[in-house]
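See below for data-v3.txt, which holds compact mmCIF, C-alpha atoms.
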# COMPACT_ATOMS: atom_id res chain seq x y z
CA MET A 1 82.11 82.57 94.90
CA ALA A 2 82.81 79.35 96.80
CA ALA A 3 84.63 77.87 93.82
CA GLN A 4 86.80 80.97 93.50
CA ALA A 5 87.52 81.00 97.24
CA PHE A 6 88.74 77.40 97.34
CA SER A 7 90.74 77.69 94.13
CA SER A 8 92.43 80.89 95.30
CA LEU A 9 93.01 79.33 98.72
CA ALA A 10 94.90 76.47 97.10
CA ASP A 11 96.83 78.77 94.72
CA ASN A 12 98.28 80.79 97.59
CA ALA A 13 98.97 77.84 99.86
CA LEU A 14 100.74 76.08 96.98
CA PHE A 15 103.10 79.02 96.48
CA ILE A 16 104.34 78.73 100.08
CA ALA A 17 104.59 74.94 99.89
CA ALA A 18 106.50 75.11 96.59
CA ILE A 19 109.01 77.56 98.11
CA ALA A 20 109.43 75.14 101.03
CA LEU A 21 110.07 72.32 98.55
CA ILE A 22 112.75 74.37 96.79
CA LEU A 23 114.40 75.04 100.17
CA GLU A 24 114.29 71.31 100.94
CA LEU A 25 116.06 70.69 97.62
CA ASN A 26 118.70 73.33 98.52
CA GLY A 27 117.68 75.60 95.63
CA PRO A 28 119.11 79.17 95.46
CA ASP A 29 117.14 82.19 96.78
CA TRP A 30 116.42 83.43 93.25
CA MET A 31 114.63 80.18 92.37
CA ALA A 32 111.44 81.30 94.18
CA PRO A 33 110.90 84.35 91.91
CA ILE A 34 111.76 82.17 88.90
CA MET A 35 108.91 79.89 89.97
CA LYS A 36 106.61 82.91 90.11
CA TRP A 37 107.92 83.90 86.67
CA SER A 38 107.00 80.50 85.19
CA PHE A 39 103.47 80.91 86.57
CA ALA A 40 103.06 84.32 84.95
CA LEU A 41 104.55 83.12 81.67
CA ALA A 42 101.56 80.82 81.14
CA TYR A 43 99.22 83.83 81.24
CA VAL A 44 101.24 85.69 78.62
CA VAL A 45 101.71 82.77 76.22
CA LEU A 46 98.06 81.65 76.38
CA ALA A 47 96.46 85.10 76.49
CA ALA A 48 95.36 85.00 72.85
CA PHE A 49 93.52 81.71 73.30
CA VAL A 50 91.99 81.50 76.78
CA GLY A 51 89.41 84.20 76.06
CA ALA A 52 88.09 82.21 73.11
CA VAL A 53 87.94 79.08 75.28
CA ALA A 54 86.06 80.93 78.04
CA ASP A 55 83.52 82.28 75.54
CA SER A 56 83.06 78.93 73.76
CA PHE A 57 81.85 76.82 76.68
CA PRO A 58 79.80 77.30 79.87
CA LYS A 59 82.19 79.04 82.21
CA GLY A 60 81.52 76.69 85.12
CA ARG A 61 82.78 73.76 83.02
CA VAL A 62 85.86 75.70 81.95
CA MET A 63 86.66 76.41 85.61
CA PHE A 64 86.21 72.71 86.47
CA ALA A 65 88.65 71.59 83.77
CA THR A 66 91.28 74.14 84.77
CA ASN A 67 91.12 73.14 88.44
CA ALA A 68 91.67 69.54 87.35
CA LEU A 69 94.80 70.74 85.52
CA LYS A 70 96.01 72.40 88.73
CA VAL A 71 95.66 69.07 90.54
CA THR A 72 97.86 67.50 87.86
CA GLY A 73 100.51 70.16 88.46
CA CYS A 74 100.46 69.41 92.19
CA LEU A 75 100.94 65.70 91.60
CA LEU A 76 103.84 66.35 89.24
CA MET A 77 105.41 68.65 91.82
CA PHE A 78 105.69 66.11 94.62
CA LEU A 79 106.42 63.09 92.41
CA TYR A 80 109.82 64.50 91.34
CA ALA A 81 111.71 61.88 93.41
CA SER A 82 109.62 58.94 92.18
CA VAL A 83 110.51 59.48 88.52
CA GLY A 84 114.26 59.53 89.21
CA VAL A 85 115.05 63.14 88.33
CA PRO A 86 118.73 63.94 89.12
CA GLY A 87 119.21 66.19 92.16
CA GLU A 88 120.44 69.26 90.28
CA TYR A 89 117.33 69.29 88.07
CA GLN A 90 114.70 68.67 90.74
CA THR A 91 114.15 72.37 91.46
CA TYR A 92 113.60 72.98 87.74
CA LEU A 93 110.92 70.27 87.72
CA VAL A 94 109.21 72.07 90.60
CA CYS A 95 109.20 75.28 88.50
CA ILE A 96 107.80 73.43 85.48
CA ALA A 97 105.07 71.84 87.60
CA TYR A 98 104.17 75.22 89.10
CA GLY A 99 104.07 76.59 85.55
CA LEU A 100 101.51 73.89 84.69
CA VAL A 101 99.38 75.16 87.58
CA GLY A 102 99.82 78.59 85.99
CA VAL A 103 98.37 77.22 82.74
CA GLY A 104 95.28 76.17 84.67
CA ALA A 105 95.08 79.56 86.38
CA ALA A 106 95.45 81.40 83.05
CA ALA A 107 92.51 79.53 81.54
CA TYR A 108 90.50 79.84 84.77
CA SER A 109 90.69 83.62 85.07
CA PRO A 110 88.63 84.74 82.01
CA ALA A 111 85.87 82.34 82.99
CA LYS A 112 85.93 83.47 86.63
CA TYR A 113 85.66 87.18 85.87
CA GLY A 114 83.61 86.75 82.71
CA ILE A 115 80.74 85.10 84.52
CA VAL A 116 80.47 88.18 86.78
CA THR A 117 79.82 90.47 83.80
CA GLU A 118 77.32 87.93 82.41
CA MET A 119 75.29 87.81 85.65
CA LEU A 120 75.38 91.45 86.81
CA PRO A 121 74.35 94.80 85.22
CA PRO A 122 76.96 97.61 85.06
CA GLU A 123 75.62 99.44 88.12
CA LEU A 124 76.30 96.36 90.28
CA LEU A 125 79.75 95.52 88.90
CA VAL A 126 81.68 97.40 91.60
CA LYS A 127 79.64 95.73 94.33
CA GLY A 128 79.98 92.33 92.65
CA ASN A 129 83.71 92.81 92.22
CA SER A 130 83.93 93.95 95.83
CA TRP A 131 82.50 90.61 96.97
CA ILE A 132 84.60 88.56 94.54
CA GLU A 133 87.82 90.44 95.33
CA GLY A 134 87.03 90.47 99.05
CA LEU A 135 86.53 86.71 99.06
CA THR A 136 89.59 86.25 96.87
CA VAL A 137 91.79 88.24 99.21
CA PHE A 138 90.20 86.52 102.22
CA SER A 139 91.21 83.23 100.60
CA ILE A 140 94.69 84.71 100.10
CA ILE A 141 94.84 85.25 103.86
CA LEU A 142 93.69 81.73 104.61
CA GLY A 143 95.85 80.35 101.79
CA THR A 144 99.06 81.93 103.02
CA VAL A 145 98.20 80.93 106.59
CA LEU A 146 97.34 77.41 105.41
CA GLY A 147 100.62 77.18 103.48
CA GLY A 148 102.56 78.33 106.54
CA VAL A 149 100.69 75.95 108.84
CA LEU A 150 101.11 72.96 106.53
CA ILE A 151 104.91 73.35 106.46
CA SER A 152 105.21 74.15 110.19
CA PRO A 153 106.99 71.56 112.38
CA ALA A 154 103.78 70.54 114.20
CA ALA A 155 101.71 69.92 111.07
CA SER A 156 104.61 68.27 109.25
CA SER A 157 105.09 65.77 112.08
CA PHE A 158 101.38 64.92 112.04
CA PHE A 159 101.25 64.29 108.28
CA LEU A 160 104.51 62.37 108.02
CA GLU A 161 103.55 60.12 110.93
CA HIS A 162 100.02 59.52 109.60
CA HIS A 163 99.59 55.90 108.56
CA VAL A 164 98.03 56.85 105.17
CA ILE A 165 99.57 60.21 104.22
CA GLY A 166 103.01 59.17 105.46
CA GLY A 167 103.06 56.35 102.92
CA TRP A 168 102.58 58.79 100.05
CA VAL A 169 105.02 61.56 100.95
CA HIS A 170 108.45 61.87 102.52
CA THR A 171 109.01 65.56 103.36
CA PRO A 172 106.96 68.37 104.96
CA ALA A 173 106.62 70.22 101.65
CA GLU A 174 105.40 67.10 99.83
CA ALA A 175 102.77 66.52 102.53
CA ALA A 176 101.59 70.13 102.21
CA ILE A 177 101.29 69.86 98.41
CA LEU A 178 99.23 66.68 98.68
CA VAL A 179 96.76 68.38 101.05
CA ILE A 180 96.57 71.39 98.69
CA ALA A 181 95.72 69.09 95.77
CA CYS A 182 92.68 67.96 97.77
CA VAL A 183 91.60 71.61 98.16
CA TYR A 184 91.73 71.98 94.36
CA LEU A 185 89.44 68.95 94.11
CA ILE A 186 86.93 70.68 96.40
CA ALA A 187 87.07 73.77 94.17
CA ALA A 188 86.47 71.58 91.11
CA ALA A 189 83.39 70.07 92.79
CA CYS A 190 82.04 73.60 93.43
CA ASN A 191 82.61 74.47 89.76
CA LEU A 192 80.12 71.79 88.75
CA LEU A 193 77.39 73.65 90.66
CA ILE A 194 77.86 76.95 88.77
CA PRO A 195 74.74 77.63 86.64
CA ASN A 196 74.83 78.04 82.89
CA THR A 197 74.01 81.71 82.19
CA HIS A 198 73.04 80.85 78.57
CA VAL A 199 74.93 83.90 77.32
CA HIS A 200 76.11 83.16 73.79
CA TYR A 201 78.92 84.85 71.87
CA PRO A 202 79.76 84.75 68.15
CA PRO A 203 81.52 81.53 67.02
CA GLN A 204 85.11 81.60 68.22
CA GLN A 205 88.10 81.41 65.88
CA LYS A 206 90.17 78.19 66.07
CA ASN A 207 93.12 79.10 63.83
CA VAL A 208 96.15 79.92 66.03
CA ILE A 209 97.56 82.63 63.74
CA LYS A 210 94.20 84.30 63.27
CA LEU A 211 93.51 84.10 67.01
CA THR A 212 96.83 85.81 67.70
CA LYS A 213 96.12 88.61 65.21
CA THR A 214 92.60 89.04 66.54
CA PHE A 215 93.86 89.15 70.11
CA ALA A 216 96.40 91.82 69.14
CA SER A 217 93.51 93.89 67.76
CA TYR A 218 91.64 93.48 71.08
CA VAL A 219 94.70 94.71 72.96
CA ARG A 220 94.79 97.79 70.72
CA VAL A 221 91.07 98.43 71.28
CA LEU A 222 91.44 98.61 75.07
CA TRP A 223 94.70 100.61 75.00
CA GLN A 224 93.22 103.13 72.54
CA ASP A 225 90.07 103.65 74.62
CA LYS A 226 90.59 106.76 76.77
CA LEU A 227 88.93 105.17 79.79
CA GLY A 228 90.21 101.64 79.22
CA GLN A 229 93.86 102.70 78.91
CA ILE A 230 93.91 104.35 82.36
CA SER A 231 92.24 101.46 84.18
CA LEU A 232 94.38 98.96 82.25
CA ALA A 233 97.59 100.81 83.13
CA VAL A 234 96.66 101.01 86.82
CA THR A 235 95.59 97.38 87.21
CA THR A 236 98.65 96.25 85.24
CA LEU A 237 100.91 98.14 87.65
CA PHE A 238 98.96 96.91 90.68
CA TRP A 239 99.20 93.20 89.91
CA GLY A 240 102.84 93.41 88.85
CA ALA A 241 103.67 95.28 92.05
CA GLY A 242 101.55 92.86 94.08
CA ALA A 243 103.46 89.85 92.78
CA VAL A 244 106.79 91.44 93.65
CA LEU A 245 105.52 92.62 97.03
CA GLN A 246 104.51 89.05 97.86
CA LEU A 247 108.10 87.93 97.25
CA ILE A 248 109.53 90.98 99.01
CA VAL A 249 107.51 90.39 102.18
CA ILE A 250 108.77 86.81 102.49
CA GLU A 251 112.40 87.84 101.93
CA TRP A 252 111.97 90.89 104.20
CA GLY A 253 110.62 88.65 106.94
CA LYS A 254 113.65 86.39 106.65
CA GLN A 255 116.37 89.07 106.33
CA HIS A 256 114.98 92.05 108.25
CA LEU A 257 112.95 90.31 110.96
CA GLY A 258 114.69 86.92 111.20
CA TYR A 259 111.51 84.86 110.60
CA ARG A 260 111.28 81.25 109.36
CA LEU A 261 109.43 80.67 106.07
CA ASP A 262 106.21 79.59 107.80
CA GLU A 263 106.37 82.71 110.01
CA ALA A 264 107.19 85.04 107.10
CA SER A 265 104.25 83.64 105.13
CA MET A 266 101.93 84.90 107.88
CA LEU A 267 103.03 88.46 107.07
CA MET A 268 101.45 88.11 103.63
CA GLY A 269 98.22 87.14 105.35
CA VAL A 270 98.37 90.28 107.49
CA ALA A 271 98.65 92.48 104.39
CA ALA A 272 95.78 90.56 102.82
CA VAL A 273 93.56 91.34 105.83
CA GLY A 274 93.99 95.02 105.04
CA THR A 275 93.16 94.35 101.40
CA VAL A 276 89.89 92.67 102.39
CA VAL A 277 88.87 95.73 104.44
CA GLY A 278 89.87 98.07 101.61
CA SER A 279 87.97 95.97 99.04
CA ILE A 280 84.80 95.99 101.14
CA LEU A 281 84.96 99.75 101.67
CA ALA A 282 85.53 100.23 97.93
CA GLY A 283 82.21 98.50 97.24
CA ARG A 284 80.46 101.76 98.21
CA ILE A 285 82.13 103.69 95.37
CA PRO A 286 79.86 104.01 92.30
CA LEU A 287 81.38 103.03 88.99
CA ARG A 288 81.15 106.58 87.63
CA LYS A 289 83.54 107.75 90.38
CA ALA A 290 86.12 104.98 89.91
CA LEU A 291 88.86 107.36 88.72
CA THR A 292 88.74 109.33 91.98
CA VAL A 293 90.68 106.57 93.81
CA LEU A 294 93.89 107.03 91.79
CA PRO A 295 95.67 109.10 94.52
CA ILE A 296 95.25 106.14 96.91
CA GLY A 297 97.59 104.11 94.70
CA ALA A 298 100.33 106.74 94.96
CA LEU A 299 99.87 106.83 98.74
CA MET A 300 100.35 103.05 98.86
CA GLY A 301 103.79 103.41 97.26
CA VAL A 302 104.73 106.00 99.89
CA VAL A 303 103.62 103.77 102.77
CA VAL A 304 105.80 100.91 101.47
CA LEU A 305 108.86 103.16 102.01
CA PHE A 306 108.38 102.84 105.79
CA MET A 307 108.87 99.05 105.81
CA PRO A 308 112.69 99.18 106.34
CA VAL A 309 112.35 101.27 109.54
CA VAL A 310 109.85 99.09 111.44
CA HIS A 311 110.88 96.20 113.70
CA SER A 312 108.34 95.65 116.48
CA THR A 313 105.50 93.22 115.85
CA TRP A 314 102.73 95.81 116.02
CA SER A 315 104.52 98.31 113.79
CA VAL A 316 105.20 95.57 111.23
CA TYR A 317 101.55 94.49 111.26
CA SER A 318 100.32 98.10 111.09
CA ILE A 319 102.39 98.97 108.02
CA LEU A 320 101.29 95.79 106.23
CA LEU A 321 97.62 96.31 107.13
CA LEU A 322 97.74 99.89 105.85
CA THR A 323 99.49 98.88 102.63
CA GLY A 324 96.95 96.14 101.98
CA GLY A 325 94.01 98.39 102.80
CA LEU A 326 95.11 101.09 100.38
CA ALA A 327 95.72 98.48 97.69
CA GLY A 328 92.26 96.94 98.02
CA PHE A 329 90.52 100.30 98.13
CA PHE A 330 91.98 101.59 94.88
CA VAL A 331 92.18 98.43 92.77
CA VAL A 332 88.56 97.24 93.10
CA PRO A 333 86.97 100.32 91.39
CA MET A 334 89.68 100.33 88.71
CA ASN A 335 89.18 96.63 88.08
CA ALA A 336 85.41 97.14 87.76
CA LEU A 337 85.91 100.06 85.35
CA LEU A 338 88.25 97.97 83.20
CA GLN A 339 85.83 95.03 83.14
CA HIS A 340 82.97 97.34 82.19
CA ARG A 341 84.89 98.99 79.35
CA GLY A 342 86.10 95.60 78.15
CA HIS A 343 82.57 94.22 78.23
CA VAL A 344 81.26 97.25 76.30
CA LEU A 345 84.02 97.17 73.66
CA LEU A 346 84.79 93.46 73.38
CA SER A 347 83.28 90.57 75.39
CA ALA A 348 83.64 89.20 78.91
CA GLY A 349 86.16 86.46 78.10
CA HIS A 350 88.28 88.42 75.63
CA SER A 351 88.47 91.57 77.75
CA ILE A 352 89.65 89.61 80.80
CA ALA A 353 92.22 87.81 78.63
CA VAL A 354 93.58 91.19 77.47
CA GLN A 355 93.71 92.36 81.08
CA ASN A 356 95.54 89.21 82.18
CA PHE A 357 98.01 89.48 79.30
CA ASN A 358 99.05 93.00 80.27
CA GLU A 359 99.12 92.29 84.00
CA GLN A 360 101.12 89.08 83.69
CA LEU A 361 103.52 90.66 81.18
CA ASN A 362 104.25 93.31 83.80
CA ILE A 363 104.66 90.58 86.43
CA LEU A 364 107.24 88.92 84.18
CA LEU A 365 109.11 92.21 83.88
CA MET A 366 108.97 93.22 87.54
CA VAL A 367 109.73 89.74 88.89
CA ALA A 368 112.67 89.46 86.47
CA VAL A 369 114.07 92.74 87.80
CA TYR A 370 113.55 91.56 91.39
CA THR A 371 115.28 88.25 90.59
CA LEU A 372 118.23 90.18 89.16
CA MET A 373 118.43 92.25 92.35
CA LEU A 374 118.55 89.07 94.46
CA TRP A 375 121.17 87.58 92.16
CA LEU A 376 123.24 90.75 92.64
CA GLU A 377 122.74 90.29 96.43
CA MET A 378 121.17 93.72 96.95
CA PRO A 379 119.91 94.29 100.54
CA ILE A 380 116.17 93.71 100.77
CA ASN A 381 115.58 97.15 102.32
CA THR A 382 117.20 98.80 99.31
CA VAL A 383 114.92 96.78 97.05
CA ILE A 384 111.89 97.93 99.08
CA VAL A 385 112.79 101.62 98.77
CA LEU A 386 113.25 101.35 95.00
CA PHE A 387 109.99 99.44 94.72
CA GLY A 388 107.98 101.99 96.74
CA LEU A 389 109.37 104.93 94.78
CA LEU A 390 108.57 103.22 91.47
CA VAL A 391 104.94 102.61 92.43
CA ALA A 392 104.41 106.16 93.76
CA ILE A 393 105.99 107.85 90.72
CA LEU A 394 104.09 105.72 88.19
CA MET A 395 100.77 106.38 89.94
CA LEU A 396 101.43 110.14 89.80
CA ILE A 397 102.09 109.78 86.06
CA PHE A 398 98.81 107.85 85.61
CA MET A 399 96.89 110.54 87.53
CA ARG A 400 98.24 113.22 85.19
CA TRP A 401 97.43 111.00 82.20
CA SER A 402 93.84 110.56 83.42
CA ARG A 403 93.32 114.29 83.95
CA ARG A 404 94.62 115.01 80.45
CA ASN A 405 92.23 112.47 78.90
CA LEU A 406 89.22 113.87 80.78
CA SER A 407 90.16 117.49 79.98
CA ALA A 408 90.45 116.71 76.28
CA ASN A 409 87.10 114.90 76.23
CA PRO A 410 84.77 115.80 79.15
CA SER A 411 82.06 113.47 77.78
CA LEU A 412 84.16 110.50 78.90
CA ARG A 413 82.69 110.80 82.40
CA ASP A 414 79.22 110.23 80.98
CA GLN A 415 80.37 107.04 79.23
CA ILE A 416 81.21 105.31 82.52
CA GLY A 417 78.43 102.90 83.35
CA GLN A 418 76.72 103.01 79.95
CA GLU A 419 75.54 99.73 78.48
CA GLY A 420 77.29 98.13 75.52
CA HIS A 421 77.31 94.87 73.65
CA GLY A 422 80.82 94.23 72.47
CA LYS A 423 80.76 96.91 69.77
CA ALA A 424 84.37 96.61 68.68
CA LEU A 425 84.16 92.82 68.80
CA ASN A 426 81.08 92.75 66.57
CA GLN A 427 82.58 95.23 64.14
CA HIS A 428 85.72 93.14 63.94
Here is a file; write its structure as structure tokens.
Amino acid sequence: MAAQAFSSLADNALFIAAIALILELNGPDWMAPIMKWSFALAYVVLAAFVGAVADSFPKGRVMFATNALKVTGCLLMFLYASVGVPGEYQTYLVCIAYGLVGVGAAAYSPAKYGIVTEMLPPELLVKGNSWIEGLTVFSIILGTVLGGVLISPAASSFFLEHHVIGGWVHTPAEAAILVIACVYLIAAACNLLIPNTHVHYPPQQKNVIKLTKTFASYVRVLWQDKLGQISLAVTTLFWGAGAVLQLIVIEWGKQHLGYRLDEASMLMGVAAVGTVVGSILAGRIPLRKALTVLPIGALMGVVVLFMPVVHSTWSVYSILLLTGGLAGFFVVPMNALLQHRGHVLLSAGHSIAVQNFNEQLNILLMVAVYTLMLWLEMPINTVIVLFGLLVAILMLIFMRWSRRNLSANPSLRDQIGQEGHGKALNQH
């Protein structure tokens, strides 16, 4: 839990610092979502392989190696000037470096979630996920606040005037990225303390083509499962929408509220506070009742529609707190249901890799659409309305889909929470 908290803290702080670096390099507004796109691309490209890696080694060691890779990405990001990259290509190097951090995150995720299913029985998965997601979102709050603080005028002056740090970096964003690299090192140290669960899986395939074909079969297994397909669709929508909402809130803060980047980043932290509360409350929902939270997702999309009409500080904070709270309350049970079905049908590492593949593929799609909207110079409030309507309508469709599945096969409710041992994986 500590390792996840520090790693997530650094991930979210780095996003703010990287945006600040792009602004320092006079990059266009659409470069920030492109950076997010490069991060998600790593998840999609590596999805067929990271599950096998997570299930081949002790997961604590996998997490250590991936955090070390994130440190490498940080160093590459603020060394752009030292290697003589021409000015017009410096922002692209920042995107590539952030993509390398994404490679580390893609390999980290199956190990992070997989170890939860190895250590906890099904009846404790929602509670375990509640703690993991609560800490993760709490680290998102601290991470976004940390990113905003590190690029603020006061902190920047301190770092740049420091007799040691000032000799390494030259701009506020570079100083922030160097500090964030140290946070990744702390996370890596925590990874070394994670115990070996001694859970062993069948020998993992090493042939790239066979791995890809096998992974495609795993994707089909989860999408064909009547419980897995609903939870997979909902979590895929949630994380895609969450990635876009993160970008929207920053741009909304700048355009609608007139905030600086460090001030706008605090708004993301406010929404994350609500998500922590929602995640904790969701921990009381038993796994067998996970599907009952679907209407909360549709309500979240409706609440987002009120963002363009609020201006005062308290109304802005209230709408973001409510949005975050609804998000946390409905995604934690759905995430636990998906992990349980994946663990029953496949294995911990492979099921999380399938989940990440679908979620990040949706992030690629939704962020690409958002980038196009910025490129077309659409007003941010128009983007918000379209975004809220999309989320609400899709959640209503998923609710109808879920009811149809349960009506056609009432025994599905009894399958939630049952033990399994990777049946489809063993058969394959």
Which segment 21-54 of chain A residues have any atom within 12 Å of an atom of segment 234-254 of chain A, and for each, what is the nearest pair of atoms with distance in Å to one decimal, counting only C-alpha atoms, rows sorted by chain and number, as a tab-separated table?
residue	atom	partner	partner_atom	distance
A:Asp29	CA	A:Glu251	CA	9.0
A:Trp30	CA	A:Leu247	CA	10.3
A:Met31	CA	A:Leu247	CA	11.2
A:Ala32	CA	A:Leu247	CA	8.0
A:Pro33	CA	A:Leu247	CA	7.0
A:Ile34	CA	A:Leu247	CA	10.8
A:Met35	CA	A:Leu247	CA	10.9
A:Lys36	CA	A:Ala243	CA	8.1
A:Trp37	CA	A:Ala243	CA	9.6
A:Phe39	CA	A:Ala243	CA	10.9
A:Ala40	CA	A:Ala243	CA	9.6
As a check of understanding: the span from atom CA of Asn26 of chain A to atom CA of Ala271 of chain A is 28.3 Å
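Those DNA, RNA and protein residues that approach the point (97.8, 74.3, 97.2) to within 8 Å, considering all atoms listed in the file, are Leu9, Ala10, Asp11, Asn12, Ala13, Leu14, Phe15, Ala17, Cys74, Gly143, Gly147, Ala176, Ile177, Leu178, Val179, Ile180, Ala181, Val183 and Tyr184 of chain A.
Comparing the minimum interatomic distances between Leu267 of chain A and each of A:Leu142, A:Leu185, A:Leu345, A:Ala282, counting only C-alpha atoms, we find that A:Leu142 sits nearest.
With distances restricted to only C-alpha atoms, A:Thr214 is the closest residue to Ala52 of chain A from A:Thr214, A:Gln229, A:Asn356, A:Ser312.
The residue that comes closest to Ala189 of chain A, out of A:Ala173, A:Ala3, A:Ile140, A:Ala47 and on the basis of only C-alpha atoms, is A:Ala3.
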List the neighbours of Gly27 of chain A out to 10 Å using only C-alpha atoms; skip same-chain residues closer than 5 positions along the sequence, and give me the result as a PyMOL selection string.
-> chain A and resi 19-22+32+88-92
Residue neighbourhood segment 316-320 of chain A, 7 Å, all atoms listed in the file, exclusion window fewer than 6 positions, as an MDAnalysis selection string | chainID A and resid 270:271 307 310
Because the input lacks atoms here, generate N, CA, C and O atoms for segment 112-127 of chain A and report them as a CSV table (one decimal), in the coordinates of the input.
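Okay, part17.csv is ready:
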chain,number,residue,atom,x,y,z
A,112,LYS,N,86.3,83.0,85.3
A,112,LYS,CA,85.9,83.5,86.6
A,112,LYS,C,85.4,84.9,86.6
A,112,LYS,O,84.3,85.2,87.2
A,113,TYR,N,86.1,85.8,85.9
A,113,TYR,CA,85.7,87.2,85.9
A,113,TYR,C,84.6,87.4,84.8
A,113,TYR,O,83.7,88.2,85.0
A,114,GLY,N,84.6,86.6,83.8
A,114,GLY,CA,83.6,86.8,82.7
A,114,GLY,C,82.2,86.4,83.2
A,114,GLY,O,81.2,87.1,82.8
A,115,ILE,N,82.1,85.5,84.1
A,115,ILE,CA,80.7,85.1,84.5
A,115,ILE,C,80.1,86.2,85.4
A,115,ILE,O,78.9,86.4,85.5
A,116,VAL,N,81.0,87.0,86.0
A,116,VAL,CA,80.5,88.2,86.8
A,116,VAL,C,79.8,89.2,85.9
A,116,VAL,O,78.7,89.7,86.2
A,117,THR,N,80.4,89.5,84.7
A,117,THR,CA,79.8,90.5,83.8
A,117,THR,C,78.6,89.9,83.1
A,117,THR,O,77.7,90.6,82.7
A,118,GLU,N,78.5,88.6,83.0
A,118,GLU,CA,77.3,87.9,82.4
A,118,GLU,C,76.1,88.0,83.4
A,118,GLU,O,75.0,88.0,82.9
A,119,MET,N,76.4,87.9,84.7
A,119,MET,CA,75.3,87.8,85.6
A,119,MET,C,74.9,89.1,86.3
A,119,MET,O,73.8,89.2,86.8
A,120,LEU,N,75.7,90.2,86.1
A,120,LEU,CA,75.4,91.4,86.8
A,120,LEU,C,75.3,92.6,85.8
A,120,LEU,O,76.1,92.7,84.9
A,121,PRO,N,74.4,93.6,86.0
A,121,PRO,CA,74.4,94.8,85.2
A,121,PRO,C,75.5,95.7,85.6
A,121,PRO,O,76.1,95.6,86.7
A,122,PRO,N,75.8,96.7,84.8
A,122,PRO,CA,77.0,97.6,85.1
A,122,PRO,C,76.9,98.3,86.4
A,122,PRO,O,77.9,98.4,87.1
A,123,GLU,N,75.7,98.7,86.9
A,123,GLU,CA,75.6,99.4,88.1
A,123,GLU,C,75.9,98.6,89.3
A,123,GLU,O,76.2,99.1,90.4
A,124,LEU,N,76.0,97.3,89.2
A,124,LEU,CA,76.3,96.4,90.3
A,124,LEU,C,77.7,95.7,90.2
A,124,LEU,O,78.1,94.9,91.0
A,125,LEU,N,78.4,96.1,89.1
A,125,LEU,CA,79.8,95.5,88.9
A,125,LEU,C,80.7,95.8,90.0
A,125,LEU,O,81.5,95.0,90.4
A,126,VAL,N,80.7,97.1,90.5
A,126,VAL,CA,81.7,97.4,91.6
A,126,VAL,C,81.3,96.6,92.8
A,126,VAL,O,82.2,96.0,93.5
A,127,LYS,N,80.0,96.5,93.2
A,127,LYS,CA,79.6,95.7,94.3
A,127,LYS,C,80.0,94.2,94.1
A,127,LYS,O,80.4,93.6,95.1
